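J.: The structure under discussion is supplied below as C-alpha cells; questions concerning it will follow.
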Amino acid sequence: MAKKLAVFPGSFDPITVGHIDLIKRAIPLFDEIIVAIGVNNQKSYLFSLEQRLQWLNKVFENDSNIYVDHFEGLTVNYCNKLGAKYLLRGLRNAADFDYEKTISQLNFIIGNDIETVFLISKPEYSHISSTIVREIIKGQGDVSKFVPENIAKDLENNK
Ligand code: ADP
C-alpha cells in the first residue's frame, strides 16, 4: 500500500511550541509528515529561509517520520509532486476555522481530492502564534516559553 504522506505547510517564522505539539500529535495518523516552508516572494519574513530550515531540521532531527522541506508555488502542486494526499493544519480559534475552511475547500478542488486534516490546538497553546512571537522578539522580549529551547538560545545569543 502507498505510504500515507501528510504535508504540514506554513511559514514557521519562527516555529513555535504550538506547531511542534500539533505535528507530534499527528505522527500516529500518517506514515510520514513533511513539514514544509511555503516560500512566497511577495511576503517579507523576519527570519531567512535558511535560518527557518535550520531550526526545523534541528527540532525534528530525532524524529524518523518527520521530514523538513520548502516549496514555491501552490501547496497542492507540491503535495501532488510528492504524492501526499493529506494536508495537516491546526485550528486555534474561530478565526482560524473561517480562514482554513475556505482554503481547504479550494485545495480539495484544485488539488484533486487532497484532504485537509485539522487538529485543534491544546488550550495551553492556542494563544501562541508566530506573529505574536515575532512582535515580542522585535521588542527584545523573552520568547523562551513559546519556542523550542535551541531557538530561544540562538535568539538570546543574537541579542
Ligand atoms: P501560515 O503562514 O500558513 O499561517 P504558520 O506557520 O503561521 O503558517 O502556521 C501553520 C499552521 O500551524 C496553521 O495551520 C496554524 O493554524 C497552525 N498553528 C500555528 N500556531 C499554532 C498553535 N499555537 N497551535 C496549534 N496550531 C498552530
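Each chain in the C-alpha cells gets a letter, A, B, ..., in the order shown, and its residues are numbered from 1; ligands are numbered from 1 in order too.
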Neighbouring residues of ligand 1 are defined here as those with any atom at most 8 Å from a ligand atom, counting only C-alpha atoms and all ligand atoms; list them as a PyMOL selection string.
T.: chain A and resi 8-19+21-22+38+88-92+96+100+118-122+125-131
J.: Please extract the residues of chain A with a backbone DSSP assignment of helix (DSSP H, G or I) and present them as a PyMOL selection string.
T.: chain A and resi 17-29+49-59+75-82+94-110+123-125+130-138+149-157
J.: Taking the backbone alone, and naming residues the way the document does, which bits of stretch 86-124 of chain A are strand (DSSP E) by DSSP, as number ranges by chain?
T.: A: 86-91, 115-120
J.: Those residues with C-alpha atoms, as a PDB file, in the first residue's frame please?
T.:
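Writing the result to result-v5.pdb gives the following:
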ATOM      1  CA  TYR A  86      -3.191  14.969   3.070  1.00  0.00           C
ATOM      2  CA  LEU A  87      -2.562  18.446   4.365  1.00  0.00           C
ATOM      3  CA  LEU A  88      -2.248  18.992   8.077  1.00  0.00           C
ATOM      4  CA  ARG A  89      -3.354  22.272   9.655  1.00  0.00           C
ATOM      5  CA  GLY A  90      -4.038  23.489  13.154  1.00  0.00           C
ATOM      6  CA  LEU A  91      -7.081  25.294  14.493  1.00  0.00           C
ATOM      7  CA  GLU A 115      -7.920  16.224   2.181  1.00  0.00           C
ATOM      8  CA  THR A 116      -7.003  18.685   4.900  1.00  0.00           C
ATOM      9  CA  VAL A 117      -6.844  17.124   8.333  1.00  0.00           C
ATOM     10  CA  PHE A 118      -7.325  19.575  11.201  1.00  0.00           C
ATOM     11  CA  LEU A 119      -6.204  19.169  14.764  1.00  0.00           C
ATOM     12  CA  ILE A 120      -7.492  21.526  17.412  1.00  0.00           C
TER      13      ILE A 120
END
J.: Go through A:Lys153, A:Asp142, A:Ile110, A:Arg134 one by one, measure the shortest atom-to-atom distance of each to A:Phe47 using only C-alpha atoms, and give the residue with the smallest value.
T.: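 Smallest distance to A:Phe47 is found for A:Arg134.
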J.: What does the distance from atom CA of A:Gly83 to atom CA of A:Tyr99 come to in Å, to one decimal?
T.: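 That distance, rounded to one decimal, is 25.1 Å.
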J.: Counting only C-alpha atoms, what is within 6 Å of A:Ala84, bar same-chain residues fewer than 5 positions away, as an MDAnalysis selection string?
T.: chainID A and resid 5:6 79
J.: Got a sec: who's within 12 Å of A:Gly141, counting only C-alpha atoms, leaving out chain neighbours fewer than 4 positions off, as a list in words?
T.: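 Selected residues are Ile132, Val133, Arg134, Glu135, Ile136, Ile137, Lys145, Phe146, Ala152, Leu155, Glu156 and Lys159 of chain A.
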